[in-house]
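Enquirer: Just so it is clear, I am handing over query22.pdb, which has PDB, C-alpha atoms and all ligand atoms.
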```
ATOM      1  CA  MET A   1      28.157 -24.039 -68.539  1.00  0.00           C
ATOM      2  CA  ASN A   2      24.476 -23.438 -67.861  1.00  0.00           C
ATOM      3  CA  LYS A   3      25.377 -22.063 -64.455  1.00  0.00           C
ATOM      4  CA  THR A   4      27.484 -19.331 -66.038  1.00  0.00           C
ATOM      5  CA  LYS A   5      24.676 -18.507 -68.437  1.00  0.00           C
ATOM      6  CA  ILE A   6      22.122 -18.324 -65.661  1.00  0.00           C
ATOM      7  CA  LYS A   7      24.470 -15.933 -63.866  1.00  0.00           C
ATOM      8  CA  ILE A   8      24.646 -13.691 -66.941  1.00  0.00           C
ATOM      9  CA  PHE A   9      20.877 -13.788 -67.373  1.00  0.00           C
ATOM     10  CA  LEU A  10      20.250 -12.991 -63.717  1.00  0.00           C
ATOM     11  CA  LYS A  11      22.663 -10.070 -63.978  1.00  0.00           C
ATOM     12  CA  ILE A  12      20.856  -8.744 -67.047  1.00  0.00           C
ATOM     13  CA  THR A  13      17.537  -9.116 -65.241  1.00  0.00           C
ATOM     14  CA  LYS A  14      18.946  -7.223 -62.263  1.00  0.00           C
ATOM     15  CA  ILE A  15      20.157  -4.356 -64.461  1.00  0.00           C
ATOM     16  CA  ILE A  16      16.760  -4.044 -66.194  1.00  0.00           C
ATOM     17  CA  ASN A  17      14.993  -4.226 -62.866  1.00  0.00           C
ATOM     18  CA  LYS A  18      17.107  -1.506 -61.308  1.00  0.00           C
ATOM     19  CA  LYS A  19      17.181   0.813 -64.307  1.00  0.00           C
ATOM     20  CA  PHE A  20      13.565   0.591 -65.467  1.00  0.00           C
ATOM     21  CA  CYS A  21      11.455  -1.021 -62.728  1.00  0.00           C
ATOM     22  CA  LYS A  22      12.674   0.444 -59.415  1.00  0.00           C
ATOM     23  CA  ASP A  23      13.501  -3.154 -58.431  1.00  0.00           C
ATOM     24  CA  LYS A  24       9.787  -4.011 -58.481  1.00  0.00           C
ATOM     25  CA  LEU A  25       9.942  -6.656 -61.193  1.00  0.00           C
ATOM     26  CA  GLU A  26       9.642 -10.165 -59.813  1.00  0.00           C
ATOM     27  CA  ILE A  27      11.239 -12.999 -61.699  1.00  0.00           C
ATOM     28  CA  ASN A  28      11.249 -16.116 -59.567  1.00  0.00           C
ATOM     29  CA  LYS A  29      13.396 -18.243 -61.800  1.00  0.00           C
ATOM     30  CA  ILE A  30      15.071 -18.475 -65.174  1.00  0.00           C
ATOM     31  CA  VAL A  31      15.048 -21.962 -66.632  1.00  0.00           C
ATOM     32  CA  PHE A  32      16.372 -23.592 -69.769  1.00  0.00           C
ATOM     33  CA  PHE A  33      14.092 -25.832 -71.766  1.00  0.00           C
ATOM     34  CA  ASN A  34      14.530 -28.004 -74.821  1.00  0.00           C
ATOM     35  CA  GLY A  35      12.977 -25.588 -77.314  1.00  0.00           C
ATOM     36  CA  LYS A  36       9.425 -26.853 -76.997  1.00  0.00           C
ATOM     37  CA  HIS A  37       6.940 -25.217 -74.660  1.00  0.00           C
ATOM     38  CA  LYS A  38       3.440 -26.672 -74.301  1.00  0.00           C
ATOM     39  CA  GLY A  39       4.083 -28.813 -77.345  1.00  0.00           C
ATOM     40  CA  LYS A  40       5.106 -25.945 -79.604  1.00  0.00           C
ATOM     41  CA  LYS A  41       8.519 -24.857 -80.812  1.00  0.00           C
ATOM     42  CA  ASN A  42       9.459 -21.751 -78.909  1.00  0.00           C
ATOM     43  CA  ASP A  43      12.566 -19.699 -78.166  1.00  0.00           C
ATOM     44  CA  GLY A  44      11.267 -18.521 -74.837  1.00  0.00           C
ATOM     45  CA  TYR A  45       8.319 -17.870 -72.592  1.00  0.00           C
ATOM     46  CA  TYR A  46       7.230 -15.850 -69.601  1.00  0.00           C
ATOM     47  CA  ALA A  47       4.793 -17.585 -67.270  1.00  0.00           C
ATOM     48  CA  VAL A  48       2.533 -14.928 -65.744  1.00  0.00           C
ATOM     49  CA  ASN A  49       1.461 -16.857 -62.646  1.00  0.00           C
ATOM     50  CA  SER A  50       4.729 -18.452 -61.612  1.00  0.00           C
ATOM     51  CA  LYS A  51       6.822 -15.504 -62.870  1.00  0.00           C
ATOM     52  CA  ILE A  52       9.267 -17.887 -64.487  1.00  0.00           C
ATOM     53  CA  ILE A  53      11.181 -17.117 -67.662  1.00  0.00           C
ATOM     54  CA  GLY A  54      12.088 -20.022 -69.900  1.00  0.00           C
ATOM     55  CA  ILE A  55      14.878 -19.833 -72.459  1.00  0.00           C
ATOM     56  CA  SER A  56      15.440 -22.414 -75.184  1.00  0.00           C
ATOM     57  CA  LYS A  57      18.799 -24.058 -74.732  1.00  0.00           C
ATOM     58  CA  LYS A  58      18.973 -24.753 -78.453  1.00  0.00           C
ATOM     59  CA  GLU A  59      19.812 -21.162 -79.393  1.00  0.00           C
ATOM     60  CA  PRO A  60      23.201 -19.424 -79.337  1.00  0.00           C
ATOM     61  CA  LEU A  61      23.935 -17.040 -76.466  1.00  0.00           C
ATOM     62  CA  PHE A  62      23.267 -13.905 -78.509  1.00  0.00           C
ATOM     63  CA  CYS A  63      19.762 -15.105 -79.379  1.00  0.00           C
ATOM     64  CA  GLN A  64      19.143 -16.242 -75.832  1.00  0.00           C
ATOM     65  CA  ILE A  65      19.920 -12.755 -74.530  1.00  0.00           C
ATOM     66  CA  ARG A  66      17.505 -11.292 -77.078  1.00  0.00           C
ATOM     67  CA  THR A  67      14.886 -13.804 -75.997  1.00  0.00           C
ATOM     68  CA  LEU A  68      15.494 -12.973 -72.345  1.00  0.00           C
ATOM     69  CA  LEU A  69      14.912  -9.274 -73.067  1.00  0.00           C
ATOM     70  CA  HIS A  70      11.787 -10.151 -75.037  1.00  0.00           C
ATOM     71  CA  GLU A  71      10.413 -12.141 -72.102  1.00  0.00           C
ATOM     72  CA  LEU A  72      11.449  -9.421 -69.650  1.00  0.00           C
ATOM     73  CA  THR A  73       9.397  -7.057 -71.805  1.00  0.00           C
ATOM     74  CA  HIS A  74       6.359  -9.295 -71.239  1.00  0.00           C
ATOM     75  CA  ALA A  75       7.068  -9.329 -67.502  1.00  0.00           C
ATOM     76  CA  TYR A  76       7.348  -5.541 -67.593  1.00  0.00           C
ATOM     77  CA  GLN A  77       4.082  -5.221 -69.509  1.00  0.00           C
ATOM     78  CA  ASN A  78       2.387  -7.500 -67.041  1.00  0.00           C
ATOM     79  CA  GLN A  79       3.830  -6.352 -63.725  1.00  0.00           C
ATOM     80  CA  ILE A  80       4.799  -2.711 -64.226  1.00  0.00           C
ATOM     81  CA  MET A  81       2.372  -1.499 -66.915  1.00  0.00           C
ATOM     82  CA  ASN A  82      -0.373  -3.767 -65.664  1.00  0.00           C
ATOM     83  CA  CYS A  83      -1.418  -4.859 -69.110  1.00  0.00           C
ATOM     84  CA  LYS A  84      -1.361  -8.075 -71.029  1.00  0.00           C
ATOM     85  CA  GLY A  85       1.924  -8.831 -72.711  1.00  0.00           C
ATOM     86  CA  LYS A  86       1.130  -8.111 -76.314  1.00  0.00           C
ATOM     87  CA  HIS A  87       3.362  -7.855 -79.328  1.00  0.00           C
ATOM     88  CA  ASN A  88       2.533  -4.243 -80.083  1.00  0.00           C
ATOM     89  CA  LYS A  89       4.324  -0.929 -80.659  1.00  0.00           C
ATOM     90  CA  GLN A  90       4.415  -0.183 -76.966  1.00  0.00           C
ATOM     91  CA  GLY A  91       6.098  -3.495 -76.239  1.00  0.00           C
ATOM     92  CA  GLU A  92       8.541  -2.888 -79.053  1.00  0.00           C
ATOM     93  CA  ARG A  93       9.597   0.419 -77.527  1.00  0.00           C
ATOM     94  CA  VAL A  94      10.195  -1.216 -74.149  1.00  0.00           C
ATOM     95  CA  PHE A  95      12.186  -3.999 -75.799  1.00  0.00           C
ATOM     96  CA  TYR A  96      14.463  -1.553 -77.639  1.00  0.00           C
ATOM     97  CA  LYS A  97      15.033   0.419 -74.450  1.00  0.00           C
ATOM     98  CA  PHE A  98      16.131  -2.799 -72.754  1.00  0.00           C
ATOM     99  CA  MET A  99      18.319  -3.773 -75.730  1.00  0.00           C
ATOM    100  CA  LYS A 100      20.079  -0.428 -75.729  1.00  0.00           C
ATOM    101  CA  GLU A 101      20.824  -0.601 -72.036  1.00  0.00           C
ATOM    102  CA  ILE A 102      22.146  -4.155 -72.144  1.00  0.00           C
ATOM    103  CA  ASP A 103      24.139  -3.475 -75.292  1.00  0.00           C
ATOM    104  CA  LYS A 104      25.910  -0.695 -73.399  1.00  0.00           C
ATOM    105  CA  THR A 105      26.532  -2.958 -70.421  1.00  0.00           C
ATOM    106  CA  LEU A 106      27.880  -5.849 -72.473  1.00  0.00           C
ATOM    107  CA  LYS A 107      30.259  -3.598 -74.382  1.00  0.00           C
ATOM    108  CA  ILE A 108      31.688  -2.317 -71.135  1.00  0.00           C
ATOM    109  CA  SER A 109      32.193  -5.756 -69.637  1.00  0.00           C
ATOM    110  CA  VAL A 110      33.743  -7.365 -72.745  1.00  0.00           C
TER
HETATM  111 ZN    ZN B   1       6.412 -12.631 -76.931  1.00  0.00          ZN
END
```
Here is a file; write its structure as structure tokens.
Expert:
Amino acid sequence: MNKTKIKIFLKITKIINKKFCKDKLEINKIVFFNGKHKGKKNDGYYAVNSKIIGISKKEPLFCQIRTLLHELTHAYQNQIMNCKGKHNKQGERVFYKFMKEIDKTLKISV
């Protein structure tokens, strides 16, 4: 089951990369974790150095996709905009752009 999910998440990452990043975004791996990252409860994380995205396996798929897009926003902030991944207005705009695109894609494929 996780394999299918990883496939979906990789596809989403590919779409975002192609549409918004000219395929320049590097995500080395997407991993599932038990909902705790560095001792704290967390739905997801983006590790700047290893370029790994972690997704909590305790959330339903819909939330996981949201989390993935949130973490992709941090990757985008870091790699494409060359700034620290902050939770600010700029990040919010990127996130909604990603959401809109993926929403469109998911509707088509359902
Ligand atoms: Zn965040």
Enquirer: Quick one: everything within 10 Å of Tyr76 (chain A), counting only C-alpha atoms, minus sequence neighbours fewer than 4 positions away in the same chain. Send it as a ChimeraX atom specification.
Expert: /A:16-17,20-21,24-26,70-72,80-85,91,94-95
Enquirer: Choose the residue, out of A:Thr67, A:Gly35, A:His74, A:Lys29, that has the smallest atom-to-atom separation from Asn88 (chain A); count only C-alpha atoms.
Expert: A:His74
Enquirer: With all atoms listed in the file as the basis for distance, which of A:Ser50, A:Asn2, A:Asn28, A:Asn42 is at the shortest distance from ligand ZN 1 (chain B)?
Expert: A:Asn42
Enquirer: In Å to one decimal, how far is CA of Ile27 (chain A) from CA of Lys51 (chain A)?
Expert: 5.2 Å
Enquirer: In Å, with one decimal, what is the gap from CA of Lys19 (chain A) to CA of Thr4 (chain A)?
Expert: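 One can read the CA of Lys19 (chain A) to CA of Thr4 (chain A) distance as 22.7 Å.
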Enquirer: Could you tell me how far CA of Ile102 (chain A) sits from CA of Pro60 (chain A), in Å to one decimal place?
Expert: 16.9 Å
Enquirer: Smallest atom-to-atom distance to ligand ZN 1 (chain B): which of A:Thr105, A:Gln90, A:Arg66, A:Gly44, using all atoms listed in the file?
Expert: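 Between A:Thr105, A:Gln90, A:Arg66, A:Gly44, the residue approaching ligand ZN 1 (chain B) most closely is A:Gly44.
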Enquirer: The centre and edge lengths of an axis-aligned box containing all atoms of region 51-70 of chain A present in the file, extended by 6 Å on each side, are to be given in Å to one decimal, as AutoDock Vina command-line options.
Expert:
```
--center_x 15.4 --center_y -17.0 --center_z -71.1 --size_x 29.1 --size_y 27.5 --size_z 28.5
```
Enquirer: So that I can see what lies close to Lys86 (chain A), please list as a list of chain:residue names the residues with an atom at most 10 Å from it, counting all atoms listed in the file and leaving out residues fewer than 6 positions away in the same chain.
Expert: A:Thr73, A:His74, A:Gln77, A:Asn78, A:Glu92
Enquirer: Once you have the residues from the selection above, write them out as a PDB file, keeping the file's coordinate frame, restricted to C-alpha atoms.
Expert:
```
ATOM      1  CA  THR A  73       9.397  -7.057 -71.805  1.00  0.00           C
ATOM      2  CA  HIS A  74       6.359  -9.295 -71.239  1.00  0.00           C
ATOM      3  CA  GLN A  77       4.082  -5.221 -69.509  1.00  0.00           C
ATOM      4  CA  ASN A  78       2.387  -7.500 -67.041  1.00  0.00           C
ATOM      5  CA  GLU A  92       8.541  -2.888 -79.053  1.00  0.00           C
TER       6      GLU A  92
END
```
Enquirer: Smallest atom-to-atom distance to Glu59 (chain A): which of A:Gly39, A:Phe32, A:Tyr45, A:Lys22, using all atoms listed in the file?
Expert: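 Nearest candidate to Glu59 (chain A) out of A:Gly39, A:Phe32, A:Tyr45, A:Lys22: A:Phe32.
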Enquirer: Place a sphere of radius 10 Å on (19.2, -17.3, -62.4) in the file coordinates and name every protein, DNA or RNA residue with an atom inside or on its surface, counting only C-alpha atoms; give the answer as an NGL selection string.
Expert: :A and (2-13 or 27-31 or 53)
Enquirer: Using C-alpha atoms, can you write the selected residues to a file as a short mmCIF file (atom, residue, chain, number, x, y, z; two decimals), in the coordinates of the input?
Expert:
```
data_model
loop_
_atom_site.label_atom_id
_atom_site.label_comp_id
_atom_site.auth_asym_id
_atom_site.auth_seq_id
_atom_site.Cartn_x
_atom_site.Cartn_y
_atom_site.Cartn_z
CA ASN A 2 24.48 -23.44 -67.86
CA LYS A 3 25.38 -22.06 -64.46
CA THR A 4 27.48 -19.33 -66.04
CA LYS A 5 24.68 -18.51 -68.44
CA ILE A 6 22.12 -18.32 -65.66
CA LYS A 7 24.47 -15.93 -63.87
CA ILE A 8 24.65 -13.69 -66.94
CA PHE A 9 20.88 -13.79 -67.37
CA LEU A 10 20.25 -12.99 -63.72
CA LYS A 11 22.66 -10.07 -63.98
CA ILE A 12 20.86 -8.74 -67.05
CA THR A 13 17.54 -9.12 -65.24
CA ILE A 27 11.24 -13.00 -61.70
CA ASN A 28 11.25 -16.12 -59.57
CA LYS A 29 13.40 -18.24 -61.80
CA ILE A 30 15.07 -18.48 -65.17
CA VAL A 31 15.05 -21.96 -66.63
CA ILE A 53 11.18 -17.12 -67.66
#
```
